[in-house]
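Student: The following file, final-v4.txt, comprises compact mmCIF, C-alpha atoms:
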```
# COMPACT_ATOMS: atom_id res chain seq x y z
CA MET A 1 111.88 157.56 81.78
CA GLU A 2 110.24 154.36 83.04
CA SER A 3 112.10 151.10 82.80
CA ARG A 4 110.72 148.45 80.48
CA GLY A 5 109.74 146.16 83.36
CA THR A 6 107.35 148.56 85.15
CA LYS A 7 104.09 150.43 84.60
CA ARG A 8 103.35 153.66 86.49
CA GLU A 9 99.69 154.29 87.31
CA ALA A 10 98.19 156.72 89.87
CA GLY A 11 101.43 156.94 91.78
CA LYS A 12 101.74 153.14 92.03
CA ILE A 13 104.36 150.96 90.41
CA GLU A 14 103.33 147.50 89.17
CA VAL A 15 105.72 144.88 87.89
CA ALA A 16 104.85 143.90 84.34
CA GLU A 17 104.94 140.30 83.13
CA PRO A 18 108.26 139.50 81.39
CA ARG A 19 107.78 139.14 77.66
CA ASN A 20 109.55 135.80 77.55
CA LYS A 21 107.65 134.22 80.46
CA LEU A 22 106.60 130.63 79.76
CA PRO A 23 102.85 129.86 79.96
CA ARG A 24 101.71 128.31 83.23
CA PRO A 25 101.41 124.53 82.79
CA ALA A 26 97.88 123.15 82.91
CA PRO A 27 97.10 121.44 86.22
CA SER A 28 97.15 117.65 86.29
CA LEU A 29 96.87 114.80 88.78
CA PRO A 30 99.08 111.67 88.64
CA THR A 31 97.43 108.26 89.00
CA ASP A 32 100.36 105.96 89.82
CA PRO A 33 99.19 103.58 92.60
CA ALA A 34 102.51 103.95 94.44
CA LEU A 35 101.67 107.59 95.15
CA TYR A 36 98.51 106.69 97.08
CA SER A 37 99.61 103.76 99.25
CA GLY A 38 99.25 105.57 102.59
CA PRO A 39 96.81 104.78 105.41
CA PHE A 40 93.14 104.34 104.62
CA PRO A 41 91.46 107.79 104.66
CA PHE A 42 88.46 108.69 106.77
CA TYR A 43 85.21 107.54 105.15
CA ARG A 44 81.99 108.13 107.02
CA ARG A 45 79.55 105.23 107.08
CA PRO A 46 76.98 106.11 104.37
CA SER A 47 73.47 106.97 105.54
CA GLU A 48 70.46 106.82 103.26
CA LEU A 49 68.66 110.13 102.82
CA GLY A 50 65.91 108.79 100.58
CA CYS A 51 65.19 107.00 97.33
CA PHE A 52 63.44 107.24 93.99
CA SER A 53 62.27 104.90 91.25
CA LEU A 54 62.33 104.89 87.46
CA ASP A 55 59.51 103.05 85.69
CA ALA A 56 59.34 101.03 82.47
CA GLN A 57 59.27 104.27 80.45
CA ARG A 58 62.21 105.67 82.49
CA GLN A 59 59.92 108.18 84.21
CA TYR A 60 60.90 109.46 87.66
CA HIS A 61 58.86 108.69 90.80
CA GLY A 62 59.92 109.90 94.24
CA ASP A 63 59.15 106.61 95.98
CA ALA A 64 60.26 102.98 96.31
CA ARG A 65 57.85 101.38 93.82
CA ALA A 66 60.71 99.77 91.86
CA LEU A 67 62.36 98.17 94.90
CA ARG A 68 62.70 94.40 94.61
CA TYR A 69 63.11 91.78 97.33
CA TYR A 70 65.91 89.24 97.55
CA SER A 71 64.45 85.74 97.18
CA PRO A 72 67.20 83.16 96.49
CA PRO A 73 66.43 79.51 95.69
CA PRO A 74 66.51 76.95 98.53
CA THR A 75 70.05 75.96 99.55
CA ASN A 76 69.61 72.21 99.25
CA GLY A 77 72.92 71.55 97.52
CA GLN A 78 71.41 71.45 94.04
CA SER A 79 72.44 73.70 91.17
CA PRO A 80 70.06 76.67 90.66
CA ASN A 81 70.07 75.83 86.94
CA PHE A 82 68.84 79.31 85.96
CA ASP A 83 68.73 79.67 82.17
CA LEU A 84 70.19 83.13 81.68
CA ARG A 85 69.51 83.05 77.93
CA ASP A 86 65.79 82.53 78.40
CA GLY A 87 63.81 85.40 76.87
CA TYR A 88 66.66 86.84 74.81
CA PRO A 89 66.06 88.83 72.70
CA ASP A 90 62.25 88.51 72.52
CA ARG A 91 61.51 89.57 76.11
CA TYR A 92 64.22 92.19 76.40
CA GLN A 93 63.67 95.96 76.52
CA PRO A 94 67.04 97.67 76.95
CA ARG A 95 67.32 101.30 77.97
CA ASP A 96 67.98 103.79 75.17
CA GLU A 97 71.63 104.61 75.78
CA GLU A 98 71.53 107.50 73.31
CA VAL A 99 69.53 109.50 75.88
CA GLN A 100 71.97 111.48 78.03
CA GLU A 101 70.40 111.55 81.49
CA ARG A 102 73.40 113.10 83.22
CA LEU A 103 72.45 113.97 86.84
CA ASP A 104 68.83 114.79 86.01
CA HIS A 105 67.05 112.13 88.13
CA LEU A 106 69.22 112.83 91.16
CA LEU A 107 68.69 116.59 90.75
CA ARG A 108 64.94 116.04 90.66
CA TRP A 109 65.14 114.21 93.99
CA LEU A 110 67.38 116.95 95.36
CA LEU A 111 64.90 119.68 94.46
CA GLU A 112 62.15 117.81 96.30
CA HIS A 113 64.20 117.23 99.46
CA ARG A 114 66.92 119.87 99.79
CA GLY A 115 64.93 121.76 102.43
CA GLN A 116 64.74 118.59 104.53
CA LEU A 117 68.47 117.81 104.56
CA GLU A 118 70.14 117.75 107.94
CA GLY A 119 71.84 121.13 108.13
CA GLY A 120 69.40 122.54 105.58
CA PRO A 121 70.18 123.61 102.01
CA GLY A 122 73.29 125.34 103.36
CA TRP A 123 74.94 121.92 103.85
CA LEU A 124 74.91 121.49 100.09
CA ALA A 125 77.09 124.57 99.61
CA GLY A 126 80.20 122.58 100.49
CA ALA A 127 79.12 119.18 99.16
CA ILE A 128 79.90 117.14 96.06
CA VAL A 129 76.88 115.75 94.20
CA THR A 130 77.30 112.86 91.78
CA TRP A 131 76.39 109.26 90.90
CA ARG A 132 77.89 106.26 92.71
CA GLY A 133 79.12 104.94 89.37
CA HIS A 134 81.25 108.04 88.81
CA LEU A 135 82.92 107.58 92.20
CA THR A 136 83.47 103.90 91.39
CA LYS A 137 85.45 104.89 88.28
CA LEU A 138 87.61 107.15 90.42
CA LEU A 139 88.27 104.39 92.95
CA THR A 140 89.39 101.93 90.29
CA THR A 141 91.46 104.40 88.21
CA PRO A 142 94.89 103.56 89.71
CA TYR A 143 94.47 99.94 88.52
CA GLU A 144 92.60 100.50 85.26
CA ARG A 145 94.60 99.63 82.14
CA GLN A 146 92.05 99.75 79.31
CA GLU A 147 89.28 102.33 79.63
CA GLY A 148 89.69 106.07 80.09
CA TRP A 149 87.01 108.45 81.34
CA GLN A 150 85.83 112.06 81.35
CA LEU A 151 84.04 113.83 84.18
CA ALA A 152 82.41 117.22 83.73
CA ALA A 153 82.35 119.47 86.81
CA SER A 154 80.44 122.67 87.55
CA ARG A 155 80.05 124.69 90.74
CA PHE A 156 76.65 126.19 91.47
CA GLN A 157 75.79 128.01 94.69
CA GLY A 158 78.83 126.46 96.31
CA THR A 159 77.99 122.84 95.42
CA LEU A 160 80.33 120.89 93.14
CA TYR A 161 78.47 118.69 90.65
CA LEU A 162 80.25 115.84 88.80
CA SER A 163 78.73 114.20 85.73
CA GLU A 164 80.33 111.61 83.45
CA VAL A 165 80.83 112.37 79.76
CA GLU A 166 80.97 109.50 77.28
CA THR A 167 84.42 109.45 75.68
CA PRO A 168 84.69 109.02 71.90
CA ALA A 169 86.30 105.60 72.46
CA ALA A 170 83.48 104.52 74.78
CA ARG A 171 80.90 105.64 72.25
CA VAL A 172 82.55 103.60 69.50
CA GLN A 173 82.68 100.59 71.85
CA ARG A 174 78.98 100.97 72.69
CA LEU A 175 77.89 101.30 69.06
CA THR A 176 79.99 98.31 67.95
CA ARG A 177 79.30 95.89 70.81
CA PRO A 178 79.70 92.32 69.61
CA PRO A 179 76.61 90.08 69.90
CA LEU A 180 78.25 87.99 72.64
CA LEU A 181 78.76 91.04 74.87
CA ARG A 182 75.17 92.22 74.32
CA GLU A 183 73.95 88.76 75.35
CA LEU A 184 76.21 88.73 78.42
CA MET A 185 74.76 92.07 79.51
CA TYR A 186 71.26 90.61 79.21
CA MET A 187 72.28 87.58 81.25
CA GLY A 188 73.26 89.82 84.15
CA TYR A 189 69.81 91.40 84.21
CA LYS A 190 68.15 88.00 83.77
CA PHE A 191 69.98 86.72 86.85
CA GLU A 192 68.41 89.55 88.87
CA GLN A 193 64.98 88.45 87.62
CA TYR A 194 65.59 84.91 88.93
CA MET A 195 66.77 86.20 92.32
CA CYS A 196 64.27 88.98 93.06
CA ALA A 197 60.54 89.19 93.78
CA ASP A 198 58.21 92.18 93.58
CA LYS A 199 57.00 91.63 97.16
CA PRO A 200 58.56 90.05 100.27
CA GLY A 201 57.69 86.40 100.81
CA VAL A 202 56.81 85.86 97.15
CA SER A 203 58.74 83.72 94.66
CA PRO A 204 60.46 85.41 91.70
CA ASP A 205 58.72 85.32 88.33
CA PRO A 206 61.33 84.96 85.55
CA SER A 207 58.70 84.69 82.80
CA GLY A 208 58.24 88.43 82.36
CA GLU A 209 60.07 90.98 80.27
CA VAL A 210 63.55 92.15 81.24
CA ASN A 211 63.23 95.95 81.06
CA THR A 212 66.41 97.83 81.99
CA ASN A 213 64.58 101.15 82.14
CA VAL A 214 63.22 100.13 85.55
CA ALA A 215 65.45 101.06 88.47
CA PHE A 216 65.37 101.68 92.21
CA CYS A 217 67.93 104.23 93.39
CA SER A 218 69.16 105.00 96.87
CA VAL A 219 70.33 108.52 97.75
CA LEU A 220 73.13 108.57 100.29
CA ARG A 221 75.22 110.97 102.31
CA SER A 222 78.82 110.42 103.38
CA HIS A 223 82.24 112.05 103.86
CA LEU A 224 85.56 111.12 102.25
CA GLY A 225 88.30 112.98 104.08
CA ASN A 226 86.97 116.51 104.39
CA HIS A 227 84.69 116.19 101.37
CA PRO A 228 80.93 115.94 102.08
CA LEU A 229 79.30 113.64 99.52
CA LEU A 230 75.72 113.28 98.31
CA PHE A 231 75.43 110.53 95.73
CA SER A 232 72.93 108.08 94.32
CA GLY A 233 73.23 104.57 92.95
CA GLU A 234 70.98 101.85 91.63
CA VAL A 235 70.15 99.08 94.11
CA ASP A 236 69.43 95.54 92.92
CA CYS A 237 67.28 94.45 95.88
CA THR A 238 66.71 94.48 99.63
CA ASP A 239 66.94 91.38 101.82
CA PRO A 240 63.85 90.99 104.06
CA GLN A 241 65.83 88.47 106.16
CA ALA A 242 68.85 90.74 106.72
CA PRO A 243 70.00 91.19 110.34
CA SER A 244 69.10 94.87 110.02
CA THR A 245 66.32 96.25 107.85
CA GLN A 246 67.93 99.70 107.96
CA PRO A 247 69.18 100.79 104.52
CA PRO A 248 71.76 100.49 103.12
CA THR A 249 72.80 97.48 105.27
CA CYS A 250 69.80 95.46 104.03
CA TYR A 251 70.67 95.90 100.36
CA VAL A 252 72.21 93.18 98.18
CA GLU A 253 74.26 93.53 95.00
CA LEU A 254 73.83 90.79 92.36
CA LYS A 255 76.52 89.80 89.85
CA THR A 256 77.29 87.05 87.36
CA SER A 257 80.58 85.53 86.26
CA LYS A 258 81.79 82.49 84.37
CA GLU A 259 82.13 79.18 86.22
CA MET A 260 85.46 78.46 87.92
CA HIS A 261 87.16 75.04 87.75
CA SER A 262 90.69 75.53 89.11
CA PRO A 263 92.65 77.56 91.69
CA GLY A 264 94.32 79.38 88.81
CA GLN A 265 90.95 80.51 87.46
CA TRP A 266 89.92 81.75 90.91
CA LYS A 267 93.17 83.68 91.21
CA SER A 268 92.55 85.38 87.87
CA PHE A 269 88.99 86.14 88.98
CA TYR A 270 90.22 87.90 92.10
CA ARG A 271 92.85 89.81 90.18
CA PHE A 272 91.60 90.40 86.63
CA ARG A 273 88.58 90.50 84.38
CA THR A 274 88.88 88.83 80.99
CA GLY A 275 86.91 90.49 78.22
CA VAL A 276 85.36 88.95 75.12
CA ASP A 277 88.60 89.79 73.29
CA ARG A 278 90.52 87.72 75.89
CA MET A 279 92.41 90.80 77.11
CA ARG A 280 92.98 91.07 80.84
CA THR A 281 91.60 94.34 82.11
CA LEU A 282 90.39 95.67 85.44
CA HIS A 283 90.46 93.50 88.57
CA LYS A 284 86.91 92.16 88.62
CA LEU A 285 86.62 91.78 92.38
CA LEU A 286 87.96 95.33 92.79
CA LYS A 287 85.04 96.75 90.83
CA TRP A 288 82.57 94.68 92.85
CA TRP A 289 84.17 95.96 96.05
CA ALA A 290 84.15 99.60 94.95
CA GLN A 291 80.51 99.48 93.82
CA SER A 292 79.36 98.01 97.13
CA PHE A 293 81.74 99.66 99.60
CA LEU A 294 80.83 103.22 98.57
CA PRO A 295 77.09 102.90 99.39
CA GLY A 296 77.65 100.53 102.33
CA VAL A 297 76.09 97.44 100.72
CA PRO A 298 77.33 94.50 102.86
CA ASN A 299 77.09 91.58 100.43
CA VAL A 300 77.52 90.71 96.77
CA VAL A 301 75.82 87.49 95.64
CA ALA A 302 77.34 86.06 92.48
CA GLY A 303 75.85 83.53 90.11
CA PHE A 304 78.47 81.46 88.26
CA ARG A 305 77.35 80.38 84.80
CA ASN A 306 78.54 77.56 82.57
CA PRO A 307 79.31 78.00 78.83
CA GLU A 308 75.69 77.16 77.98
CA GLY A 309 74.45 80.12 80.06
CA PHE A 310 73.02 78.19 83.03
CA VAL A 311 73.81 79.27 86.61
CA CYS A 312 75.49 76.29 88.25
CA SER A 313 76.36 77.81 91.65
CA LEU A 314 75.88 80.82 93.91
CA LYS A 315 78.48 82.42 96.17
CA THR A 316 78.18 85.31 98.64
CA PHE A 317 81.08 87.74 98.88
CA PRO A 318 80.94 89.96 102.00
CA THR A 319 82.12 93.39 100.85
CA MET A 320 84.44 93.91 103.82
CA GLU A 321 86.20 90.58 103.18
CA MET A 322 86.92 90.96 99.46
CA PHE A 323 90.37 92.45 99.97
CA GLU A 324 91.45 89.35 101.91
CA TYR A 325 91.54 87.40 98.63
CA VAL A 326 94.39 89.58 97.32
CA ARG A 327 95.98 90.97 100.49
CA ASN A 328 99.18 88.93 100.04
CA ASP A 329 99.26 89.18 96.24
CA ARG A 330 101.88 91.63 94.98
CA ASP A 331 99.84 92.07 91.79
CA GLY A 332 96.63 92.61 93.76
CA TRP A 333 94.71 95.78 94.46
CA ASN A 334 94.66 97.84 97.65
CA PRO A 335 91.54 99.63 98.99
CA SER A 336 93.71 102.36 100.56
CA VAL A 337 95.15 103.25 97.17
CA CYS A 338 91.65 103.48 95.69
CA MET A 339 90.22 105.70 98.41
CA ASN A 340 93.31 107.90 98.68
CA PHE A 341 93.27 108.55 94.96
CA CYS A 342 89.55 109.35 95.04
CA ALA A 343 90.12 111.81 97.90
CA ALA A 344 93.03 113.38 96.01
CA PHE A 345 90.89 113.78 92.89
CA LEU A 346 88.06 115.41 94.86
CA SER A 347 90.57 117.87 96.36
CA PHE A 348 91.99 118.49 92.88
CA ALA A 349 88.49 119.17 91.53
CA GLN A 350 87.51 121.39 94.46
CA ASN A 351 90.66 123.48 94.03
CA THR A 352 90.29 123.67 90.24
CA VAL A 353 86.58 124.48 89.93
CA VAL A 354 86.60 127.81 91.72
CA GLN A 355 84.19 129.89 89.65
CA ASP A 356 80.53 129.56 90.66
CA ASP A 357 78.75 129.36 87.32
CA PRO A 358 76.45 126.53 86.13
CA ARG A 359 77.30 127.36 82.51
CA LEU A 360 81.05 126.94 83.07
CA VAL A 361 82.29 123.35 82.82
CA TYR A 362 85.66 121.94 83.77
CA LEU A 363 86.24 118.71 81.87
CA PHE A 364 88.53 116.25 83.71
CA SER A 365 89.97 113.68 81.32
CA TRP A 366 92.05 110.57 81.90
CA GLU A 367 93.57 107.85 79.74
CA PRO A 368 95.41 104.82 81.17
CA GLY A 369 99.10 105.46 81.71
CA GLY A 370 98.73 109.24 82.01
CA PRO A 371 97.65 111.86 84.52
CA VAL A 372 94.21 113.41 84.94
CA THR A 373 94.07 116.64 82.92
CA VAL A 374 91.49 119.42 82.84
CA SER A 375 90.10 121.86 80.27
CA GLU A 376 87.52 124.66 80.49
CA HIS A 377 84.33 124.89 78.43
CA ARG A 378 81.19 127.02 78.42
CA ASP A 379 77.57 126.17 77.57
CA ALA A 380 76.57 123.46 75.07
CA PRO A 381 77.48 120.72 74.57
CA HIS A 382 79.36 120.45 77.85
CA ALA A 383 77.02 122.23 80.30
CA PHE A 384 75.00 119.57 82.14
CA LEU A 385 72.99 121.30 84.88
CA PRO A 386 69.50 121.63 83.34
CA PRO A 387 67.85 125.08 83.18
CA TRP A 388 64.84 123.86 85.21
CA TYR A 389 67.17 122.95 88.08
CA VAL A 390 69.22 126.14 87.94
CA GLU A 391 66.08 128.29 87.82
CA ALA A 392 64.36 126.43 90.65
CA VAL A 393 67.38 126.63 92.94
CA THR A 394 67.98 130.30 92.06
CA GLN A 395 64.35 131.18 92.80
CA ASP A 396 64.21 128.75 95.74
CA LEU A 397 61.18 127.00 94.30
CA PRO A 398 59.76 124.26 96.56
CA SER A 399 59.27 121.54 93.94
CA PRO A 400 60.54 120.55 90.48
CA PRO A 401 58.55 120.95 87.27
CA LYS A 402 56.66 118.16 85.56
CA THR A 403 58.86 115.21 84.60
CA PRO A 404 59.85 115.51 80.92
CA SER A 405 59.73 112.53 78.64
CA PRO A 406 63.05 110.77 77.92
CA LYS A 407 63.13 112.35 74.47
CA ASP A 408 62.73 115.95 75.71
```
Could you write out this file's structure as structure tokens?

Tutor:
Amino acid sequence: MESRGTKREAGKIEVAEPRNKLPRPAPSLPTDPALYSGPFPFYRRPSELGCFSLDAQRQYHGDARALRYYSPPPTNGQSPNFDLRDGYPDRYQPRDEEVQERLDHLLRWLLEHRGQLEGGPGWLAGAIVTWRGHLTKLLTTPYERQEGWQLAASRFQGTLYLSEVETPAARVQRLTRPPLLRELMYMGYKFEQYMCADKPGVSPDPSGEVNTNVAFCSVLRSHLGNHPLLFSGEVDCTDPQAPSTQPPTCYVELKTSKEMHSPGQWKSFYRFRTGVDRMRTLHKLLKWWAQSFLPGVPNVVAGFRNPEGFVCSLKTFPTMEMFEYVRNDRDGWNPSVCMNFCAAFLSFAQNTVVQDDPRLVYLFSWEPGGPVTVSEHRDAPHAFLPPWYVEAVTQDLPSPPKTPSPKD
């Protein structure tokens, strides 16, 4: 007679699972900054692999037609006096945020160029493909206190793809944006119009429409720890007068913020961002640093606006010097914590997403104060790798299909 704890099969004894065994706990990743305060991890200097543009109808073009050129006003000590409210809302064409683009534009570029990558398509088998903005959210997570996130992950032919999913809370926030916040978003784009020209050596023309469908995107390659990265991010402009014209070191990031009048206000600027509801949230300078450090953009140029919406001063923040503003502040942020957490998350994702299946999605979720958790899903609505990409890669087709319209 066999004992209850064994099964006999073909002369082999296997130990059966105890009936009272507890279920294995779901994997999770803590986000406490104190856990990631070690030395700065290895991060390879990003190199640009290529670029693409999106036009006024949000159509993809595999070239640099949307690239703009940094053209600041003369530095004669006078206020720029840019009217950031000019043209709102009459000359404003915002992008349709209901359209879920996921990784589609980056995948289209990848299909066109994967055979030309150094190391060939085989290099992709161990790489992580995503948007710069998704990595930025990971970098800032240890210090974020307000906004959670979700990242969908799928493995296909060895490559790990990460694509952000809009959380229910974020959707509610987007659909109920107060008028002041919508106007502030416009003012950021308007500032870019005042600071950028369509051609080098030409003055900006702020009289045209502000169309946020238009974008120039750089595609970059890097390494964080032992994780190869291929990611893309939107670039505001290139500086024709930069010491090096080699991307990404010639790129410039443009930002706006409210005017500062006291040392206390500057300290809050370096440490916190104050929202329209007056709540202190993410360290503003931290987000600027993360956005620019990842792609290797050397400078952020900020326009400081007064309550009437006019830019009264400009200030350049070298990316590599931003941490100096908070280095001795016990409530400040630490770049090592940001990068170590990002590396830990990428390892967590690589070890979790083990099945190679574009229809299988692992959804990583995080809310402030808790750990990163993960759940498994299959097909719609979570699957994000488009059929045209999966089919082309599977059949090793040389080029992508015709660009679909945004509504397809």

Student: Just the number, please: distance in Å from CA of Val337 in chain A to CA of Val300 in chain A, one decimal.

Tutor: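 CA of Val300 in chain A lies 21.6 Å from CA of Val337 in chain A.
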
Student: Neighbouring residues of Glu308 in chain A were defined as those with any atom within 10 Å, considering only C-alpha atoms; residues of the same chain fewer than 4 positions away were excluded. Please report them as a list in words.

Tutor: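 After dropping sequence-adjacent residues, the list is Asp83, Leu84 and Arg85 of chain A.
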
Student: Give as a list of chain:residue names the set of residues within 12 Å of the point (85.8, 110.9, 71.8), where distances use the file's coordinates and only C-alpha atoms.

Tutor: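 Residues satisfying the cut-off, written out: A:Gly148, A:Trp149, A:Gln150, A:Val165, A:Glu166, A:Thr167, A:Pro168, A:Ala169, A:Ala170, A:Arg171, A:Val172, A:Gln173, A:Ser365, A:Trp366, A:Glu367.
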
Student: Mind checking which residues fall within 7 Å of Val219 in chain A, counting only C-alpha atoms, ignoring those fewer than 6 positions away in the same chain, and posting them as a PDB file with C-alpha atoms, keeping the file's coordinate frame?

Tutor:
```pdb
ATOM      1  CA  GLU A  48      70.460 106.820 103.260  1.00  0.00           C
ATOM      2  CA  LEU A  49      68.660 110.130 102.820  1.00  0.00           C
ATOM      3  CA  GLY A  50      65.910 108.790 100.580  1.00  0.00           C
ATOM      4  CA  CYS A  51      65.190 107.000  97.330  1.00  0.00           C
ATOM      5  CA  PHE A 231      75.430 110.530  95.730  1.00  0.00           C
ATOM      6  CA  SER A 232      72.930 108.080  94.320  1.00  0.00           C
ATOM      7  CA  GLY A 233      73.230 104.570  92.950  1.00  0.00           C
TER       8      GLY A 233
END
```

Student: Excluding range 59-72 of chain A and any residue of its chain fewer than 6 positions from it, enumerate the residues within 8 Å of it, using all atoms listed in the file, and give them as a PDB file with C-alpha atoms, keeping the file's coordinate frame.

Tutor:
```pdb
ATOM      1  CA  CYS A  51      65.190 107.000  97.330  1.00  0.00           C
ATOM      2  CA  PHE A  52      63.440 107.240  93.990  1.00  0.00           C
ATOM      3  CA  SER A  53      62.270 104.900  91.250  1.00  0.00           C
ATOM      4  CA  HIS A 105      67.050 112.130  88.130  1.00  0.00           C
ATOM      5  CA  TRP A 109      65.140 114.210  93.990  1.00  0.00           C
ATOM      6  CA  TYR A 194      65.590  84.910  88.930  1.00  0.00           C
ATOM      7  CA  MET A 195      66.770  86.200  92.320  1.00  0.00           C
ATOM      8  CA  CYS A 196      64.270  88.980  93.060  1.00  0.00           C
ATOM      9  CA  ALA A 197      60.540  89.190  93.780  1.00  0.00           C
ATOM     10  CA  ASP A 198      58.210  92.180  93.580  1.00  0.00           C
ATOM     11  CA  LYS A 199      57.000  91.630  97.160  1.00  0.00           C
ATOM     12  CA  PRO A 200      58.560  90.050 100.270  1.00  0.00           C
ATOM     13  CA  GLY A 201      57.690  86.400 100.810  1.00  0.00           C
ATOM     14  CA  VAL A 202      56.810  85.860  97.150  1.00  0.00           C
ATOM     15  CA  SER A 203      58.740  83.720  94.660  1.00  0.00           C
ATOM     16  CA  PRO A 204      60.460  85.410  91.700  1.00  0.00           C
ATOM     17  CA  VAL A 214      63.220 100.130  85.550  1.00  0.00           C
ATOM     18  CA  ALA A 215      65.450 101.060  88.470  1.00  0.00           C
ATOM     19  CA  PHE A 216      65.370 101.680  92.210  1.00  0.00           C
ATOM     20  CA  VAL A 235      70.150  99.080  94.110  1.00  0.00           C
ATOM     21  CA  ASP A 236      69.430  95.540  92.920  1.00  0.00           C
ATOM     22  CA  CYS A 237      67.280  94.450  95.880  1.00  0.00           C
ATOM     23  CA  THR A 238      66.710  94.480  99.630  1.00  0.00           C
ATOM     24  CA  ASP A 239      66.940  91.380 101.820  1.00  0.00           C
ATOM     25  CA  PRO A 240      63.850  90.990 104.060  1.00  0.00           C
ATOM     26  CA  VAL A 252      72.210  93.180  98.180  1.00  0.00           C
ATOM     27  CA  THR A 403      58.860 115.210  84.600  1.00  0.00           C
ATOM     28  CA  SER A 405      59.730 112.530  78.640  1.00  0.00           C
ATOM     29  CA  PRO A 406      63.050 110.770  77.920  1.00  0.00           C
TER      30      PRO A 406
END
```

Student: Near Phe310 in chain A, within 12 Å and counting all atoms listed in the file, which residues show up once chain neighbours fewer than 2 positions away are dropped, as a ChimeraX atom specification?

Tutor: /A:79-86,184,187-188,190-191,194,256-259,303-308,312-314

Student: Out of A:Gly264, A:Pro73, A:Pro30, A:Pro387, which residue has the shortest atom-to-atom distance to Thr373 in chain A when counting all atoms listed in the file?

Tutor: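 The answer is A:Pro30, which sits nearest to Thr373 in chain A.
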
Student: Write out as a PyMOL selection string the residues lying within 12 Å of Asp329 in chain A, counting only C-alpha atoms and excluding same-chain residues fewer than 6 positions away.

Tutor: chain A and resi 267-268+270-271+323

Student: May I ask for the distance between CA of Gln157 in chain A and CA of Ala127 in chain A, given in Å to one decimal place?

Tutor: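 Going from CA of Gln157 in chain A over to CA of Ala127 in chain A covers 10.4 Å.
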
Student: Ranking A:Gln350, A:Ser28, A:Gln395, A:Ser47 by minimum distance to Leu220 in chain A and counting only C-alpha atoms, which one comes first?

Tutor: A:Ser47

Student: Scan for residues within 12 Å of the point (81.9, 125.0, 78.1) in the coordinates of the file, using all atoms listed in the file, and reply as a list in words.

Tutor: Ala152, Ala153, Ser154, Asp357, Pro358, Arg359, Leu360, Val361, Tyr362, Leu363, Ser375, Glu376, His377, Arg378, Asp379, Ala380, Pro381, His382, Ala383, Phe384 and Leu385 of chain A
